[in-house]
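Have a look at protein_7.pdb below; it lists PDB, N, CA and C atoms.
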ATOM      1  N   MET A   1     111.290  96.706 113.030
ATOM      2  CA  MET A   1     110.230  96.952 112.079
ATOM      3  C   MET A   1     110.246  98.420 111.666
ATOM      4  N   GLN A   2     109.988  98.650 110.420
ATOM      5  CA  GLN A   2     109.991  99.993 109.859
ATOM      6  C   GLN A   2     108.587 100.557 109.810
ATOM      7  N   ARG A   3     108.458 101.831 110.111
ATOM      8  CA  ARG A   3     107.168 102.519 110.017
ATOM      9  C   ARG A   3     107.044 103.163 108.645
ATOM     10  N   THR A   4     105.829 103.258 108.183
ATOM     11  CA  THR A   4     105.503 104.005 106.970
ATOM     12  C   THR A   4     104.444 105.031 107.348
ATOM     13  N   GLU A   5     104.067 105.864 106.402
ATOM     14  CA  GLU A   5     102.992 106.810 106.675
ATOM     15  C   GLU A   5     101.678 106.083 106.943
ATOM     16  N   GLN A   6     101.491 104.918 106.320
ATOM     17  CA  GLN A   6     100.240 104.181 106.468
ATOM     18  C   GLN A   6     100.221 103.327 107.732
ATOM     19  N   SER A   7     101.331 102.665 108.052
ATOM     20  CA  SER A   7     101.351 101.707 109.148
ATOM     21  C   SER A   7     102.753 101.152 109.347
ATOM     22  N   GLN A   8     102.853  99.952 109.921
ATOM     23  CA  GLN A   8     104.128  99.336 110.228
ATOM     24  C   GLN A   8     104.374  98.135 109.312
ATOM     25  N   ILE A   9     105.589  98.038 108.755
ATOM     26  CA  ILE A   9     105.943  96.908 107.896
ATOM     27  C   ILE A   9     106.222  95.694 108.772
ATOM     28  N   ILE A  10     105.543  94.583 108.471
ATOM     29  CA  ILE A  10     105.766  93.354 109.240
ATOM     30  C   ILE A  10     106.354  92.241 108.375
ATOM     31  N   GLY A  11     106.471  92.475 107.067
ATOM     32  CA  GLY A  11     107.053  91.468 106.194
ATOM     33  C   GLY A  11     107.172  91.966 104.772
ATOM     34  N   MET A  12     107.963  91.230 103.981
ATOM     35  CA  MET A  12     108.170  91.588 102.583
ATOM     36  C   MET A  12     108.266  90.304 101.763
ATOM     37  N   LYS A  13     107.900  90.413 100.474
ATOM     38  CA  LYS A  13     108.025  89.284  99.557
ATOM     39  C   LYS A  13     108.299  89.854  98.171
ATOM     40  N   TYR A  14     109.171  89.172  97.427
ATOM     41  CA  TYR A  14     109.483  89.619  96.071
ATOM     42  C   TYR A  14     108.840  88.688  95.062
ATOM     43  N   TYR A  15     108.128  89.264  94.088
ATOM     44  CA  TYR A  15     107.528  88.493  93.011
ATOM     45  C   TYR A  15     108.404  88.670  91.768
ATOM     46  N   ALA A  16     109.159  87.632  91.428
ATOM     47  CA  ALA A  16     110.053  87.684  90.267
ATOM     48  C   ALA A  16     109.232  87.707  88.975
ATOM     49  N   ASN A  17     109.796  88.313  87.933
ATOM     50  CA  ASN A  17     109.042  88.529  86.693
ATOM     51  C   ASN A  17     108.687  87.251  85.949
ATOM     52  N   ASP A  18     109.326  86.139  86.238
ATOM     53  CA  ASP A  18     109.040  84.902  85.508
ATOM     54  C   ASP A  18     108.162  83.935  86.302
ATOM     55  N   THR A  19     107.363  84.473  87.225
ATOM     56  CA  THR A  19     106.508  83.627  88.047
ATOM     57  C   THR A  19     105.029  83.909  87.770
ATOM     58  N   LEU A  20     104.202  82.964  88.138
ATOM     59  CA  LEU A  20     102.763  83.108  87.934
ATOM     60  C   LEU A  20     102.196  84.286  88.731
ATOM     61  N   VAL A  21     102.622  84.442  89.985
ATOM     62  CA  VAL A  21     102.083  85.545  90.801
ATOM     63  C   VAL A  21     102.479  86.907  90.237
ATOM     64  N   ALA A  22     103.678  87.009  89.676
ATOM     65  CA  ALA A  22     104.085  88.278  89.062
ATOM     66  C   ALA A  22     103.253  88.571  87.819
ATOM     67  N   THR A  23     102.918  87.538  87.079
ATOM     68  CA  THR A  23     102.061  87.716  85.912
ATOM     69  C   THR A  23     100.684  88.210  86.327
ATOM     70  N   LYS A  24     100.189  87.675  87.425
ATOM     71  CA  LYS A  24      98.854  88.035  87.896
ATOM     72  C   LYS A  24      98.828  89.369  88.647
ATOM     73  N   TYR A  25      99.824  89.608  89.516
ATOM     74  CA  TYR A  25      99.801  90.776  90.401
ATOM     75  C   TYR A  25     100.844  91.840  90.092
ATOM     76  N   GLY A  26     101.830  91.508  89.269
ATOM     77  CA  GLY A  26     102.881  92.466  88.953
ATOM     78  C   GLY A  26     104.187  92.104  89.634
ATOM     79  N   GLU A  27     105.265  92.361  88.931
ATOM     80  CA  GLU A  27     106.600  92.068  89.446
ATOM     81  C   GLU A  27     107.001  93.097  90.493
ATOM     82  N   GLY A  28     107.782  92.682  91.467
ATOM     83  CA  GLY A  28     108.353  93.611  92.430
ATOM     84  C   GLY A  28     108.102  93.219  93.868
ATOM     85  N   TRP A  29     108.508  94.112  94.746
ATOM     86  CA  TRP A  29     108.368  93.889  96.186
ATOM     87  C   TRP A  29     106.949  94.174  96.641
ATOM     88  N   ARG A  30     106.461  93.334  97.517
ATOM     89  CA  ARG A  30     105.175  93.539  98.191
ATOM     90  C   ARG A  30     105.468  93.645  99.685
ATOM     91  N   TYR A  31     104.862  94.611 100.300
ATOM     92  CA  TYR A  31     105.061  94.843 101.731
ATOM     93  C   TYR A  31     103.788  94.472 102.477
ATOM     94  N   PHE A  32     103.955  93.767 103.569
ATOM     95  CA  PHE A  32     102.840  93.399 104.424
ATOM     96  C   PHE A  32     102.832  94.386 105.582
ATOM     97  N   LEU A  33     101.718  95.080 105.754
ATOM     98  CA  LEU A  33     101.615  96.160 106.730
ATOM     99  C   LEU A  33     100.574  95.830 107.784
ATOM    100  N   LEU A  34     100.881  96.220 109.011
ATOM    101  CA  LEU A  34      99.946  96.081 110.121
ATOM    102  C   LEU A  34      99.533  97.489 110.525
ATOM    103  N   SER A  35      98.265  97.815 110.295
ATOM    104  CA  SER A  35      97.823  99.191 110.491
ATOM    105  C   SER A  35      97.653  99.566 111.957
ATOM    106  N   HIS A  36      97.408  98.592 112.812
ATOM    107  CA  HIS A  36      97.217  98.880 114.230
ATOM    108  C   HIS A  36      97.772  97.720 115.044
ATOM    109  N   LYS A  37      98.473  98.034 116.126
ATOM    110  CA  LYS A  37      99.134  96.975 116.901
ATOM    111  C   LYS A  37      98.158  96.033 117.610
ATOM    112  N   ASN A  38      96.905  96.419 117.752
ATOM    113  CA  ASN A  38      95.924  95.576 118.444
ATOM    114  C   ASN A  38      94.987  94.850 117.489
ATOM    115  N   THR A  39      95.445  94.628 116.265
ATOM    116  CA  THR A  39      94.630  93.910 115.290
ATOM    117  C   THR A  39      95.485  92.886 114.568
ATOM    118  N   GLU A  40      94.846  91.871 114.020
ATOM    119  CA  GLU A  40      95.551  90.879 113.219
ATOM    120  C   GLU A  40      95.384  91.149 111.728
ATOM    121  N   ASP A  41      94.622  92.175 111.391
ATOM    122  CA  ASP A  41      94.364  92.493 109.990
ATOM    123  C   ASP A  41      95.601  93.124 109.363
ATOM    124  N   GLU A  42      96.059  92.513 108.299
ATOM    125  CA  GLU A  42      97.206  93.058 107.588
ATOM    126  C   GLU A  42      96.787  93.424 106.177
ATOM    127  N   GLU A  43      97.536  94.331 105.589
ATOM    128  CA  GLU A  43      97.278  94.716 104.214
ATOM    129  C   GLU A  43      98.553  94.553 103.414
ATOM    130  N   THR A  44      98.424  94.410 102.117
ATOM    131  CA  THR A  44      99.563  94.242 101.224
ATOM    132  C   THR A  44      99.616  95.434 100.284
ATOM    133  N   ARG A  45     100.826  95.980 100.123
ATOM    134  CA  ARG A  45     100.998  97.111  99.205
ATOM    135  C   ARG A  45     102.255  96.925  98.377
ATOM    136  N   LEU A  46     102.197  97.419  97.154
ATOM    137  CA  LEU A  46     103.375  97.409  96.303
ATOM    138  C   LEU A  46     104.381  98.432  96.816
ATOM    139  N   GLU A  47     105.632  98.218  96.464
ATOM    140  CA  GLU A  47     106.712  99.088  96.923
ATOM    141  C   GLU A  47     106.471 100.556  96.570
ATOM    142  N   ASN A  48     105.927 100.810  95.391
ATOM    143  CA  ASN A  48     105.719 102.199  94.969
ATOM    144  C   ASN A  48     104.477 102.828  95.612
ATOM    145  N   LYS A  49     103.753 102.067  96.431
ATOM    146  CA  LYS A  49     102.539 102.577  97.085
ATOM    147  C   LYS A  49     102.745 102.866  98.575
ATOM    148  N   ILE A  50     103.981 102.735  99.061
ATOM    149  CA  ILE A  50     104.238 103.070 100.458
ATOM    150  C   ILE A  50     105.259 104.196 100.531
ATOM    151  N   LYS A  51     105.233 104.931 101.622
ATOM    152  CA  LYS A  51     106.191 106.009 101.833
ATOM    153  C   LYS A  51     106.761 105.860 103.231
ATOM    154  N   LEU A  52     108.082 105.635 103.296
ATOM    155  CA  LEU A  52     108.744 105.506 104.583
ATOM    156  C   LEU A  52     108.790 106.864 105.268
ATOM    157  N   LEU A  53     108.818 106.840 106.579
ATOM    158  CA  LEU A  53     108.925 108.085 107.331
ATOM    159  C   LEU A  53     110.334 108.650 107.202
ATOM    160  N   SER A  54     110.442 109.964 107.248
ATOM    161  CA  SER A  54     111.760 110.607 107.228
ATOM    162  C   SER A  54     112.432 110.402 108.580
ATOM    163  N   VAL A  55     113.694 110.705 108.675
ATOM    164  CA  VAL A  55     114.432 110.576 109.938
ATOM    165  C   VAL A  55     113.761 111.425 111.016
ATOM    166  N   GLU A  56     113.368 112.633 110.669
ATOM    167  CA  GLU A  56     112.721 113.519 111.627
ATOM    168  C   GLU A  56     111.387 112.947 112.103
ATOM    169  N   GLU A  57     110.610 112.397 111.179
ATOM    170  CA  GLU A  57     109.321 111.802 111.542
ATOM    171  C   GLU A  57     109.502 110.576 112.423
ATOM    172  N   LEU A  58     110.552 109.774 112.137
ATOM    173  CA  LEU A  58     110.836 108.595 112.985
ATOM    174  C   LEU A  58     111.221 109.024 114.396
ATOM    175  N   LYS A  59     112.064 110.045 114.502
ATOM    176  CA  LYS A  59     112.463 110.545 115.813
ATOM    177  C   LYS A  59     111.261 111.050 116.590
ATOM    178  N   ALA A  60     110.371 111.756 115.923
ATOM    179  CA  ALA A  60     109.173 112.271 116.586
ATOM    180  C   ALA A  60     108.261 111.121 117.020
ATOM    181  N   PHE A  61     108.200 110.067 116.210
ATOM    182  CA  PHE A  61     107.361 108.910 116.536
ATOM    183  C   PHE A  61     107.891 108.178 117.762
ATOM    184  N   LEU A  62     109.208 108.064 117.837
ATOM    185  CA  LEU A  62     109.818 107.354 118.973
ATOM    186  C   LEU A  62     109.720 108.184 120.217
TER     187      LEU A  62
END

Please rewrite the model in this file as structure tokens.
Amino acid sequence: MQRTEQSQIIGMKYYANDTLVATKYGEGWRYFLLSHKNTEDEETRLENKIKLLSVEELKAFL
């Protein structure tokens, strides 16, 4: 699993431009994030709304 500045990525889904969900929510990748390991609450963010940690930040996190 990949970490972001906001939380941890637990899943991904692509909304193709010729689908109903893309018309309603926008085309592109959606990331499912888990903000805390002791919760079941997940959030969804568009690809351009997340920022992956740098190599240095990942090393410090580990």

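When the PyMOL selection byres ((chain A and resi 29) around 8) is evaluated on the file shown here, the picked residues come out as Met12, Lys13, Tyr14, Tyr15, Ala16, Gly26, Glu27, Gly28, Arg30, Tyr31, Phe32, Arg45, Leu46, Glu47 and Asn48 of chain A.
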
Next item on the list: Name the residues of chain A that come out as strand (DSSP E) in a backbone DSSP run; write them as a list of chain:residue names.
Entry: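 Here is the list: A:Gln8, A:Ile9, A:Ile10, A:Gly11, A:Met12, A:Lys13, A:Tyr14, A:Tyr15, A:Gly28, A:Trp29, A:Arg30, A:Tyr31, A:Phe32, A:Leu33, A:Leu34, A:Glu42, A:Glu43, A:Thr44, A:Arg45, A:Leu46.
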
Note to self: Translate the PyMOL selection byres (((chain A and resi 49-58 and name CA) around 10) and name CA) into a concrete residue list for this structure, as JSON, numbers by chain.
What the structure shows: {"A": [2, 3, 4, 5, 6, 7, 8, 9, 30, 31, 33, 44, 45, 46, 47, 48, 59, 60, 61, 62]}

Note to self: I need the residues in range 4-50 of chain A that are helix (DSSP H, G or I) according to DSSP; give them as a list in words.
What the structure shows: Leu20, Val21, Ala22, Thr23, Lys24, Tyr25, Glu47, Asn48 and Lys49 of chain A

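Going from CA of Leu34 in chain A to CA of Gly11 in chain A covers 9.3 Å.
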
Item checked: Straight-line distance linking CA of Thr19 in chain A with CA of Glu42 in chain A, stated in Å to one decimal -> 23.6 Å

Kindly output range 15-26 of chain A as a short mmCIF file (atom, residue, chain, number, x, y, z; two decimals), keeping the file's coordinate frame, after building all heavy atoms.
data_model
loop_
_atom_site.label_atom_id
_atom_site.label_comp_id
_atom_site.auth_asym_id
_atom_site.auth_seq_id
_atom_site.Cartn_x
_atom_site.Cartn_y
_atom_site.Cartn_z
N TYR A 15 108.13 89.26 94.09
CA TYR A 15 107.53 88.49 93.01
C TYR A 15 108.40 88.67 91.77
O TYR A 15 108.41 89.73 91.15
CB TYR A 15 106.12 88.98 92.71
CG TYR A 15 105.08 88.68 93.77
CD1 TYR A 15 103.78 89.12 93.63
CD2 TYR A 15 105.39 87.96 94.92
CE1 TYR A 15 102.82 88.84 94.60
CE2 TYR A 15 104.43 87.68 95.88
CZ TYR A 15 103.16 88.12 95.71
OH TYR A 15 102.20 87.85 96.67
N ALA A 16 109.16 87.63 91.43
CA ALA A 16 110.05 87.68 90.27
C ALA A 16 109.23 87.71 88.98
O ALA A 16 108.13 87.16 88.92
CB ALA A 16 110.99 86.48 90.28
N ASN A 17 109.80 88.31 87.93
CA ASN A 17 109.04 88.53 86.69
C ASN A 17 108.69 87.25 85.95
O ASN A 17 107.81 87.26 85.10
CB ASN A 17 109.78 89.49 85.77
CG ASN A 17 111.07 88.90 85.23
OD1 ASN A 17 111.50 87.83 85.65
ND2 ASN A 17 111.69 89.62 84.33
N ASP A 18 109.33 86.14 86.24
CA ASP A 18 109.04 84.90 85.51
C ASP A 18 108.16 83.94 86.30
O ASP A 18 108.18 82.74 86.07
CB ASP A 18 110.35 84.21 85.11
CG ASP A 18 111.22 83.85 86.30
OD1 ASP A 18 110.94 84.33 87.42
OD2 ASP A 18 112.18 83.09 86.12
N THR A 19 107.36 84.47 87.22
CA THR A 19 106.51 83.63 88.05
C THR A 19 105.03 83.91 87.77
O THR A 19 104.67 84.96 87.25
CB THR A 19 106.78 83.86 89.55
OG1 THR A 19 106.47 85.22 89.87
CG2 THR A 19 108.22 83.56 89.92
N LEU A 20 104.20 82.96 88.14
CA LEU A 20 102.76 83.11 87.93
C LEU A 20 102.20 84.29 88.73
O LEU A 20 101.40 85.06 88.22
CB LEU A 20 102.05 81.82 88.32
CG LEU A 20 100.53 81.82 88.18
CD1 LEU A 20 100.12 82.04 86.73
CD2 LEU A 20 99.93 80.54 88.71
N VAL A 21 102.62 84.44 89.98
CA VAL A 21 102.08 85.54 90.80
C VAL A 21 102.48 86.91 90.24
O VAL A 21 101.71 87.85 90.30
CB VAL A 21 102.48 85.42 92.29
CG1 VAL A 21 101.79 84.27 92.95
CG2 VAL A 21 103.96 85.32 92.47
N ALA A 22 103.68 87.01 89.68
CA ALA A 22 104.08 88.28 89.06
C ALA A 22 103.25 88.57 87.82
O ALA A 22 102.90 89.72 87.56
CB ALA A 22 105.56 88.24 88.72
N THR A 23 102.92 87.54 87.08
CA THR A 23 102.06 87.72 85.91
C THR A 23 100.68 88.21 86.33
O THR A 23 100.11 89.08 85.69
CB THR A 23 101.91 86.38 85.15
OG1 THR A 23 103.21 85.90 84.81
CG2 THR A 23 101.11 86.56 83.89
N LYS A 24 100.19 87.68 87.42
CA LYS A 24 98.85 88.04 87.90
C LYS A 24 98.83 89.37 88.65
O LYS A 24 97.93 90.18 88.46
CB LYS A 24 98.33 86.92 88.80
CG LYS A 24 96.90 87.10 89.23
CD LYS A 24 96.40 85.88 89.96
CE LYS A 24 94.94 86.04 90.34
NZ LYS A 24 94.40 84.87 91.01
N TYR A 25 99.82 89.61 89.52
CA TYR A 25 99.80 90.78 90.40
C TYR A 25 100.84 91.84 90.09
O TYR A 25 100.80 92.92 90.63
CB TYR A 25 99.98 90.34 91.85
CG TYR A 25 98.92 89.39 92.32
CD1 TYR A 25 99.21 88.05 92.57
CD2 TYR A 25 97.61 89.81 92.50
CE1 TYR A 25 98.23 87.18 93.00
CE2 TYR A 25 96.62 88.94 92.93
CZ TYR A 25 96.95 87.63 93.18
OH TYR A 25 95.98 86.76 93.60
N GLY A 26 101.83 91.51 89.27
CA GLY A 26 102.88 92.47 88.95
C GLY A 26 104.19 92.10 89.63
O GLY A 26 104.21 91.60 90.75
#
